[in-house]
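Encoded as structure tokens, the structure appears first; notes follow it.
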Amino acid sequence: MKQKETIVVQVAPAPVPSPSSAPEVYRNADGERYNDGRYTRFQEQISSFIPKSRQFTDPVHTFAYGTDASFYRLNPQLVVKVNNEEEIQKILKVAVEQQTPVTFRAAGTSLSGQAITDSVLLKISHTGKNFRNYEVHNGGKQVTVEPGLIGGEVNRILLAHAQKHGLDDLYKIGPDPSSIDSCMIGGIVSNNSSGMCCGVSQNSYHTVKDLRIMLVDGTVLDTGCPESRASFLETHKDLVAGVLDIARSVQEDTQLSALIRKKFAIKCTTGYSLNALVDFPLSDPIEMIKRLMIGSEGTLAFVSRATYNTVPEYHFKASSFMMFPTIEDACRAAAVLRHETGVDAVEMFDPACIRECKANAGMLKSVKGLSEADSEATSLLIECRGKDRDQMIANVDEVLNALKKHQVPVCTTLEDYPFSEDPEECKLFWDVRKGLIPLVGGAREAGTSMLIEDVACPVEQLGPMTRDLIAMFKKYKYHDASCFGHALEGNLHLVFSQGFRTDEEVERYSAMMQELCEIVAEKYGGSLKAEHGTGRNVAPFVEMEWGSRATDLMWKLKELFDPEYVLNPGVILNRDMDVHRKHLKGSPKASPLVDRCIECGFCESNCPAKDLSLTPRQRITVWREIKRMEELPSKTPEDEKRLGEFHSLFSYYGEATCAADGMCQEKCPVKINTGEMIKSIRADEMKDTQQSASSMAMKLANNMSLFNSMVPRLLNTVDVFHGLLGPAFLEWTSNKLNVASGRAIPTWNRHLPKGASALKEPLKPTTAAGAEPLKVVYMPSCVTRTMGPSRLDTETASAHEKLLSIFHKGGYEVVYPDGVSSQCCGMMFNSKGFSEAAAVTMEKLEEALLKASENGKYPVVCDTSPCLQTLKEKVKSPELKFSMFEPVEFISKHMLDKLDFSQKKQSVAVHVPCSSKKMGVEAQFLAVAKKCAVEVHPSGVPCCGMAGDRGMRYPELTGSSLQHLDLPSTCTDGYSTSRTCEMSLSNHSGINFRGLVYLVDEATTAKQST
């Protein structure tokens, strides 16, 4: 092995020079890891066990993976998607041999720059079902998980386990970061994440039971396996002895031991988990090693599996939004609650946050005195929980009595801030809390980044520290800055916007950061990183917070576990005292549709293409770079070449494989729909290059009746060939045609439907003498008018026949809009960029629906959810907009009292389409299905990737998304409300998916009068 001096010194990085000026000497420092041949050799060696399809060196992928949720950018030399522990083991061997540092990356939602590198990035997520195994133990009291699982997903697994086995006690993992529905176990463990309610006692350090760890030499230590522990103690005596020597020196140093205990009494993720060296006796080095791994940010080893001791998830909760006259009063209240109650959560809103709350009508209605609150007012959002209601009430009383005892002043009276048990009101309070970060991110100036600092101090000092930080922000003219966070733990999040466009902006940030660290670490003895991890952001300030003695011990630990600095070097510890102000990420303008993007990565888990191509975050960051290059005043030949490569690669990875379904918007904190950006790109391309295609689209839009009459005939003809030639020949032929046509001709699969039956005249309802019949306008979509069941389905009727039957049972008179056979919502045109054709069809349809519904007097039902969503988004008439329903929503709101239900099926699957989720009818969808079947199993897939016909033209998109279908073998049927989605779901699940109206029709009869 090489001596540490040859590679450990972290010199000040510079911008990456052009190849002609690149230095001859490689150095293991950010910005100086050049390919002097080592990366070429590395790639050649790993290609013997990692296929090229999982290795990425092209400019688009390396740029896309060059950022995490922080404000840093380092573009990797190579991105490798890794499938299993064995591959990691082999890669590490090559990395050590070739001296090519590696960085492990899970969700990439880290905020301090710890999930990026300009060396080799190992991606352990978005690789199909790999690194996603789990096992629930002891009724949910423990759970074993792999690093590619999302935190919120694990909690849903625990909930499903309890429901399946009829368990009363619910459990969840302890850490509850605000990113829990996006961040993954790999990052939660490696960053020692905490959150709003978990505090210190329920973070990963305190709730992890066991880890499976791979060291840089490829050795695996499974701390839950006695044989593995014993073997490790024997084979790694020197490493164990080194850990014990450091631990012994710490335990013998009473001053340092006291400092460590004090530091970790509050939230602290600055540096390594030195508390591992004082929390356990010298007789248990394995326990020390296990805890050292937690919060080590991938710099000591790779964690391939974790077993958590879970914590109770209580049914009963109550929340109160209390207003206090000043920051000091609110922080004093937080200190009282921490020391004298068992309160579950206390979140602080500073005066800047209160100003934002005043813009929320729901908050003004729910919080007395909010509208009159002065400029100093501060609030605490307090939550109490209990296993039963009596326990919860007792906890609420404990909180109120403590505040009364200490006479903590509030803006009015305590009685004006009652604890609410109303789920909707509590959700309002907590949604406002979660929305504080987006408020800054969404309102910032285009071209700037949103920064989130994360500090903590003893709660008794939270008031004065907050005052000092607010004054600091004013001094440096950060006028949009706000301070809020987990007051119970003395933990503040500091959110503000910052540009890095000029030297002056960088200097302002640097000066502010220096003063921030001095205030927190030196004046208040606090944590510079409470829960977001050290990363590169505060690596230069670790010694300021910890002192030289503790910092030297951290360096020794690094060298014990990673003597060649192969594992994520430069993170947590860094010799470059300016690293926090280098490799700063720009945020160039790209499109008003996405300029507010903060690149947090929350969107990625909802994207059907995440395992296939680029995610929404990556599409935006790559498009930003394309627009930046396009706007260069003068381009070198290298610039022109790079821009051409970006355009060429983005065409498939960014544009073609985007479903444009907008599910990314559902998780985006600033509500960006990346699909809208992609649609605008498609529309621009059509204008610039495909005038003939646009003209054909317009002709089709004006002749939809002819088109709709031809499609069923075509489908029936294809079905005849299916019967005569069999599926294999049709699949082979269509695949060849798909490729030869440049993906214009869809591929065929055996669940392609036959043609739909012709629309029938609705039956007249029977009504009591003198009673006016109920009326509904029914708009059958193009899809259900043309596509019936498939040859493989046992059903033979079309969806519109089933919905007409349901309407008749409910006593409804059904009215079709004029020219129903020629009507279309335009979605099929809009998704492909034919915006003019889409507008023509929408205008025609809106006019017909207004007439049929008598300007919204009667409800309008469209049987296909994506079409209904398009209608709601595009119609101009507000009366019409609010009178439109998709079928499940209409049944739920208007027909439950008109039908008798019975559970006709034992076990069924349901897939709620993206559009239904976006319209907020998911809960109604499941509720209606449960009236018709004993067991209802959600598909667990946010989006199937079908996107109209895109999944047929790019079948790899649906294949990538639907590999995550996880349905029990007991399911006999599947249901949705989008015919094209149902086709793809059937193809990948092995069961027939059809419209939910089929199940409702089978399970209902007309209501019997009593």
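Ordered as shown in the structure tokens, chains take letters A, B, and onward, while each chain numbers its residues from 1 and ligands are numbered from 1 in the order shown.
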
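Every protein or nucleic acid residue with an atom no more than 7 Å from region 757-762 of chain A, counting only C-alpha atoms and leaving out same-chain residues fewer than 5 positions away, appears here: Gly788, Ser798, Leu804 and Val814 of chain A.
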
Which neighbours of Pro608 (chain A) fall inside 12 Å, counting only C-alpha atoms, when residues of the same chain fewer than 4 positions from it are skipped, and could you give them as a PDB file with N, CA and C atoms, in the first residue's frame?
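Saved the output as result_36.pdb:
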ATOM      1  N   HIS A 126     -32.100   2.821  -7.951  1.00  0.00           N
ATOM      2  CA  HIS A 126     -32.588   2.906  -9.327  1.00  0.00           C
ATOM      3  C   HIS A 126     -31.895   1.869 -10.205  1.00  0.00           C
ATOM      4  N   GLY A 128     -33.332  -1.359 -10.534  1.00  0.00           N
ATOM      5  CA  GLY A 128     -34.328  -2.418 -10.459  1.00  0.00           C
ATOM      6  C   GLY A 128     -34.645  -2.785  -9.026  1.00  0.00           C
ATOM      7  N   CYS A 603     -38.423  14.314  -6.342  1.00  0.00           N
ATOM      8  CA  CYS A 603     -39.253  13.855  -7.457  1.00  0.00           C
ATOM      9  C   CYS A 603     -38.885  12.468  -7.951  1.00  0.00           C
ATOM     10  N   GLU A 604     -37.651  12.038  -7.716  1.00  0.00           N
ATOM     11  CA  GLU A 604     -37.108  10.896  -8.450  1.00  0.00           C
ATOM     12  C   GLU A 604     -37.853   9.588  -8.199  1.00  0.00           C
ATOM     13  N   LEU A 612     -34.266   3.627 -15.866  1.00  0.00           N
ATOM     14  CA  LEU A 612     -33.982   3.492 -17.297  1.00  0.00           C
ATOM     15  C   LEU A 612     -33.099   4.592 -17.850  1.00  0.00           C
ATOM     16  N   SER A 613     -33.462   5.843 -17.582  1.00  0.00           N
ATOM     17  CA  SER A 613     -32.755   6.946 -18.222  1.00  0.00           C
ATOM     18  C   SER A 613     -32.463   8.044 -17.209  1.00  0.00           C
ATOM     19  N   LEU A 614     -33.034   9.210 -17.390  1.00  0.00           N
ATOM     20  CA  LEU A 614     -32.830  10.320 -16.468  1.00  0.00           C
ATOM     21  C   LEU A 614     -34.070  10.535 -15.615  1.00  0.00           C
ATOM     22  N   THR A 615     -33.866  11.081 -14.432  1.00  0.00           N
ATOM     23  CA  THR A 615     -34.965  11.437 -13.539  1.00  0.00           C
ATOM     24  C   THR A 615     -35.362  12.887 -13.797  1.00  0.00           C
ATOM     25  N   PRO A 616     -36.481  13.350 -13.233  1.00  0.00           N
ATOM     26  CA  PRO A 616     -36.864  14.761 -13.441  1.00  0.00           C
ATOM     27  C   PRO A 616     -35.776  15.739 -13.010  1.00  0.00           C
ATOM     28  N   THR A 657     -37.895   9.292 -23.347  1.00  0.00           N
ATOM     29  CA  THR A 657     -38.284   8.363 -22.281  1.00  0.00           C
ATOM     30  C   THR A 657     -38.938   9.056 -21.092  1.00  0.00           C
ATOM     31  N   CYS A 658     -39.376  10.290 -21.277  1.00  0.00           N
ATOM     32  CA  CYS A 658     -40.147  10.967 -20.234  1.00  0.00           C
ATOM     33  C   CYS A 658     -41.630  10.703 -20.470  1.00  0.00           C
ATOM     34  N   ALA A 659     -42.299  10.135 -19.480  1.00  0.00           N
ATOM     35  CA  ALA A 659     -43.732   9.864 -19.607  1.00  0.00           C
ATOM     36  C   ALA A 659     -44.547  11.149 -19.585  1.00  0.00           C
ATOM     37  N   ALA A 660     -43.956  12.221 -19.055  1.00  0.00           N
ATOM     38  CA  ALA A 660     -44.631  13.525 -18.989  1.00  0.00           C
ATOM     39  C   ALA A 660     -45.972  13.436 -18.273  1.00  0.00           C
ATOM     40  N   ASP A 661     -46.051  12.534 -17.278  1.00  0.00           N
ATOM     41  CA  ASP A 661     -47.309  12.344 -16.554  1.00  0.00           C
ATOM     42  C   ASP A 661     -47.491  13.312 -15.395  1.00  0.00           C
ATOM     43  N   GLY A 662     -46.417  14.004 -15.030  1.00  0.00           N
ATOM     44  CA  GLY A 662     -46.525  14.993 -13.955  1.00  0.00           C
ATOM     45  C   GLY A 662     -46.489  14.424 -12.554  1.00  0.00           C
ATOM     46  N   MET A 663     -46.204  13.130 -12.387  1.00  0.00           N
ATOM     47  CA  MET A 663     -46.133  12.582 -11.029  1.00  0.00           C
ATOM     48  C   MET A 663     -44.963  13.167 -10.249  1.00  0.00           C
ATOM     49  N   CYS A 664     -43.962  13.666 -10.952  1.00  0.00           N
ATOM     50  CA  CYS A 664     -42.847  14.327 -10.266  1.00  0.00           C
ATOM     51  C   CYS A 664     -43.353  15.520  -9.473  1.00  0.00           C
ATOM     52  N   GLY A 675     -42.653  17.250 -16.654  1.00  0.00           N
ATOM     53  CA  GLY A 675     -43.324  16.820 -17.875  1.00  0.00           C
ATOM     54  C   GLY A 675     -43.768  17.985 -18.736  1.00  0.00           C
ATOM     55  N   CYS A 914     -51.880   7.854 -12.580  1.00  0.00           N
ATOM     56  CA  CYS A 914     -51.237   9.112 -12.167  1.00  0.00           C
ATOM     57  C   CYS A 914     -52.254  10.241 -12.077  1.00  0.00           C
ATOM     58  N   VAL A 941     -46.966   1.063  -7.535  1.00  0.00           N
ATOM     59  CA  VAL A 941     -46.198   1.738  -8.588  1.00  0.00           C
ATOM     60  C   VAL A 941     -46.784   3.133  -8.800  1.00  0.00           C
ATOM     61  N   PRO A 942     -45.981   4.204  -8.605  1.00  0.00           N
ATOM     62  CA  PRO A 942     -46.529   5.553  -8.786  1.00  0.00           C
ATOM     63  C   PRO A 942     -47.064   5.806 -10.187  1.00  0.00           C
ATOM     64  N   CYS A 943     -46.340   5.295 -11.199  1.00  0.00           N
ATOM     65  CA  CYS A 943     -46.735   5.501 -12.592  1.00  0.00           C
ATOM     66  C   CYS A 943     -46.291   4.296 -13.399  1.00  0.00           C
ATOM     67  N   CYS A 944     -47.164   3.784 -14.249  1.00  0.00           N
ATOM     68  CA  CYS A 944     -46.826   2.583 -15.028  1.00  0.00           C
ATOM     69  C   CYS A 944     -45.936   2.901 -16.219  1.00  0.00           C
ATOM     70  N   GLY A 945     -45.838   4.180 -16.597  1.00  0.00           N
ATOM     71  CA  GLY A 945     -44.981   4.574 -17.707  1.00  0.00           C
ATOM     72  C   GLY A 945     -45.626   4.475 -19.071  1.00  0.00           C
ATOM     73  N   MET A 946     -46.906   4.117 -19.144  1.00  0.00           N
ATOM     74  CA  MET A 946     -47.547   3.932 -20.445  1.00  0.00           C
ATOM     75  C   MET A 946     -47.696   5.265 -21.179  1.00  0.00           C
ATOM     76  N   ALA A 947     -48.173   6.284 -20.486  1.00  0.00           N
ATOM     77  CA  ALA A 947     -48.248   7.638 -21.058  1.00  0.00           C
ATOM     78  C   ALA A 947     -48.880   7.639 -22.441  1.00  0.00           C
ATOM     79  N   GLY A 951     -45.528   4.175 -23.991  1.00  0.00           N
ATOM     80  CA  GLY A 951     -45.044   2.907 -23.480  1.00  0.00           C
ATOM     81  C   GLY A 951     -45.095   1.789 -24.507  1.00  0.00           C
ATOM     82  N   PRO A 955     -41.226   0.459 -25.182  1.00  0.00           N
ATOM     83  CA  PRO A 955     -41.676  -0.542 -24.195  1.00  0.00           C
ATOM     84  C   PRO A 955     -40.721  -0.709 -23.025  1.00  0.00           C
ATOM     85  N   GLU A 956     -39.477  -0.289 -23.202  1.00  0.00           N
ATOM     86  CA  GLU A 956     -38.539  -0.364 -22.079  1.00  0.00           C
ATOM     87  C   GLU A 956     -38.947   0.564 -20.946  1.00  0.00           C
ATOM     88  N   LEU A 957     -39.726   1.600 -21.254  1.00  0.00           N
ATOM     89  CA  LEU A 957     -40.183   2.529 -20.221  1.00  0.00           C
ATOM     90  C   LEU A 957     -41.170   1.850 -19.283  1.00  0.00           C
ATOM     91  N   THR A 958     -42.168   1.166 -19.836  1.00  0.00           N
ATOM     92  CA  THR A 958     -43.115   0.447 -18.974  1.00  0.00           C
ATOM     93  C   THR A 958     -42.438  -0.746 -18.308  1.00  0.00           C
ATOM     94  N   GLY A 959     -41.524  -1.394 -19.019  1.00  0.00           N
ATOM     95  CA  GLY A 959     -40.809  -2.523 -18.421  1.00  0.00           C
ATOM     96  C   GLY A 959     -39.998  -2.096 -17.217  1.00  0.00           C
ATOM     97  N   SER A 960     -39.374  -0.928 -17.318  1.00  0.00           N
ATOM     98  CA  SER A 960     -38.572  -0.423 -16.205  1.00  0.00           C
ATOM     99  C   SER A 960     -39.437  -0.079 -15.010  1.00  0.00           C
ATOM    100  N   SER A 961     -40.578   0.562 -15.267  1.00  0.00           N
ATOM    101  CA  SER A 961     -41.457   0.969 -14.173  1.00  0.00           C
ATOM    102  C   SER A 961     -42.146  -0.226 -13.525  1.00  0.00           C
ATOM    103  N   LEU A 962     -42.688  -1.114 -14.362  1.00  0.00           N
ATOM    104  CA  LEU A 962     -43.534  -2.187 -13.839  1.00  0.00           C
ATOM    105  C   LEU A 962     -42.758  -3.399 -13.334  1.00  0.00           C
ATOM    106  N   GLN A 963     -41.437  -3.343 -13.393  1.00  0.00           N
ATOM    107  CA  GLN A 963     -40.665  -4.382 -12.717  1.00  0.00           C
ATOM    108  C   GLN A 963     -40.862  -4.305 -11.205  1.00  0.00           C
ATOM    109  N   HIS A 964     -41.364  -3.169 -10.742  1.00  0.00           N
ATOM    110  CA  HIS A 964     -41.569  -2.976  -9.308  1.00  0.00           C
ATOM    111  C   HIS A 964     -42.971  -3.377  -8.847  1.00  0.00           C
ATOM    112  N   LEU A 965     -43.791  -3.916  -9.744  1.00  0.00           N
ATOM    113  CA  LEU A 965     -45.082  -4.453  -9.323  1.00  0.00           C
ATOM    114  C   LEU A 965     -44.855  -5.538  -8.275  1.00  0.00           C
TER     115      LEU A 965
END

Inset, instruction - Pick out each residue of region 41-190 of chain A that DSSP on the backbone tags as strand (DSSP E); I need them as an NGL selection string. - result: :A and (55-56 or 78-81 or 102-105 or 120-123 or 134-137 or 142-145 or 171-172)

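Distances from A:Lys365, A:Arg433, A:Ala29, A:Gly547 to Gln255 (chain A) were compared using only C-alpha atoms, and the smallest one belongs to A:Gly547.
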
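If only C-alpha atoms are the atoms counted, then among A:Ala471, A:Val396, A:Glu531, A:Val79 the closest residue to Pro175 (chain A) is A:Glu531.
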
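Using only C-alpha atoms, the contacts of Phe49 (chain A) at a cut-off of 12 Å, with sequence neighbours closer than 5 positions omitted, comprise A:Phe42, A:Gln43, A:Glu44, A:Arg54, A:Gln55, A:Val80, A:Val82, A:Asn83, A:Asn84, A:Glu86, A:Glu87, A:Ile88, A:Gln89, A:Lys90, A:Ile91, A:Val94.
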
Legend entry - Among the residues A:Glu795, A:Asp217, A:Glu801, A:Glu252, the one that comes closest to Val566 (chain A) [using only C-alpha atoms]: A:Asp217

Inset, instruction - Write out as JSON, numbers by chain which residues come within 8 Å of Asn708 (chain A) when counting only C-alpha atoms, dropping same-chain ones fewer than 2 positions away. - result: {"A": [704, 705, 706, 710, 711, 712, 782, 785, 786, 821, 822]}

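Among the candidate residues A:Ala837, A:Leu111, A:Cys384, A:Cys825, the one lying nearest to Val538 (chain A) is A:Leu111, with distances computed using only C-alpha atoms.
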
Legend entry - Surrounding residues of Ile286 (chain A) excluding itself and chain neighbours under 4 positions, 10 Å, only C-alpha atoms, as a count of residues only: 14

Just the residues within 12 Å of Asn749 (chain A), please, counting only C-alpha atoms, with nothing from its chain fewer than 3 positions along; format it as a tab-separated table (two decimals) with C-alpha atoms, in the first residue's frame.
chain	number	residue	atom	x	y	z
A	718	VAL	CA	-54.69	-7.38	-35.66
A	719	ASP	CA	-56.54	-9.63	-33.24
A	722	HIS	CA	-53.05	-12.86	-33.26
A	726	GLY	CA	-49.78	-16.58	-32.55
A	727	PRO	CA	-48.15	-13.95	-30.32
A	728	ALA	CA	-44.47	-14.69	-31.01
A	729	PHE	CA	-44.61	-13.69	-34.70
A	730	LEU	CA	-46.53	-10.47	-34.00
A	731	GLU	CA	-44.16	-9.47	-31.21
A	732	TRP	CA	-41.09	-10.08	-33.39
A	733	THR	CA	-42.56	-8.25	-36.39
A	734	SER	CA	-43.76	-5.22	-34.39
A	735	ASN	CA	-40.42	-4.90	-32.61
A	746	PRO	CA	-45.91	0.92	-31.55
A	752	LEU	CA	-53.44	-5.43	-27.02
A	753	PRO	CA	-57.23	-4.96	-26.97
A	790	SER	CA	-58.17	-8.18	-25.06
A	791	ARG	CA	-58.35	-11.66	-26.49
A	792	LEU	CA	-56.93	-13.02	-23.22
A	951	GLY	CA	-45.04	2.91	-23.48
A	952	MET	CA	-45.88	1.00	-26.66
A	953	ARG	CA	-43.34	2.94	-28.71
A	955	PRO	CA	-41.68	-0.54	-24.19
A	980	THR	CA	-53.76	1.91	-22.05
A	983	MET	CA	-52.99	-3.04	-21.15
A	984	SER	CA	-49.44	-2.57	-19.90
A	985	LEU	CA	-50.28	-3.69	-16.37
A	986	SER	CA	-51.81	-6.89	-17.76
A	987	ASN	CA	-48.70	-7.50	-19.83
A	988	HIS	CA	-46.35	-7.23	-16.85

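Counting only C-alpha atoms, the residue from A:Ser695, A:Thr269, A:Ser482, A:Thr103 that sits nearest to Gly526 (chain A) is A:Thr269.
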
Legend entry - Residue neighbourhood Glu356 (chain A), 12 Å, only C-alpha atoms, exclusion window fewer than 3 positions, as a PyMOL selection string: chain A and resi 349-353+359-361+363-364+370-371+373+375+378+432-433+435-440+443+480+482

Inset, instruction - List every residue of region 30-154 of chain A that DSSP, applied to the backbone of this structure, places in helix (DSSP H, G or I), and write the result as a VMD selection string. - result: chain A and resid 38 to 46 52 to 54 59 to 64 85 to 98 138 to 140 151 to 154

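Our summary of the geometry notes that CA of Val594 (chain A) is positioned 22.7 Å from CA of Pro866 (chain A).
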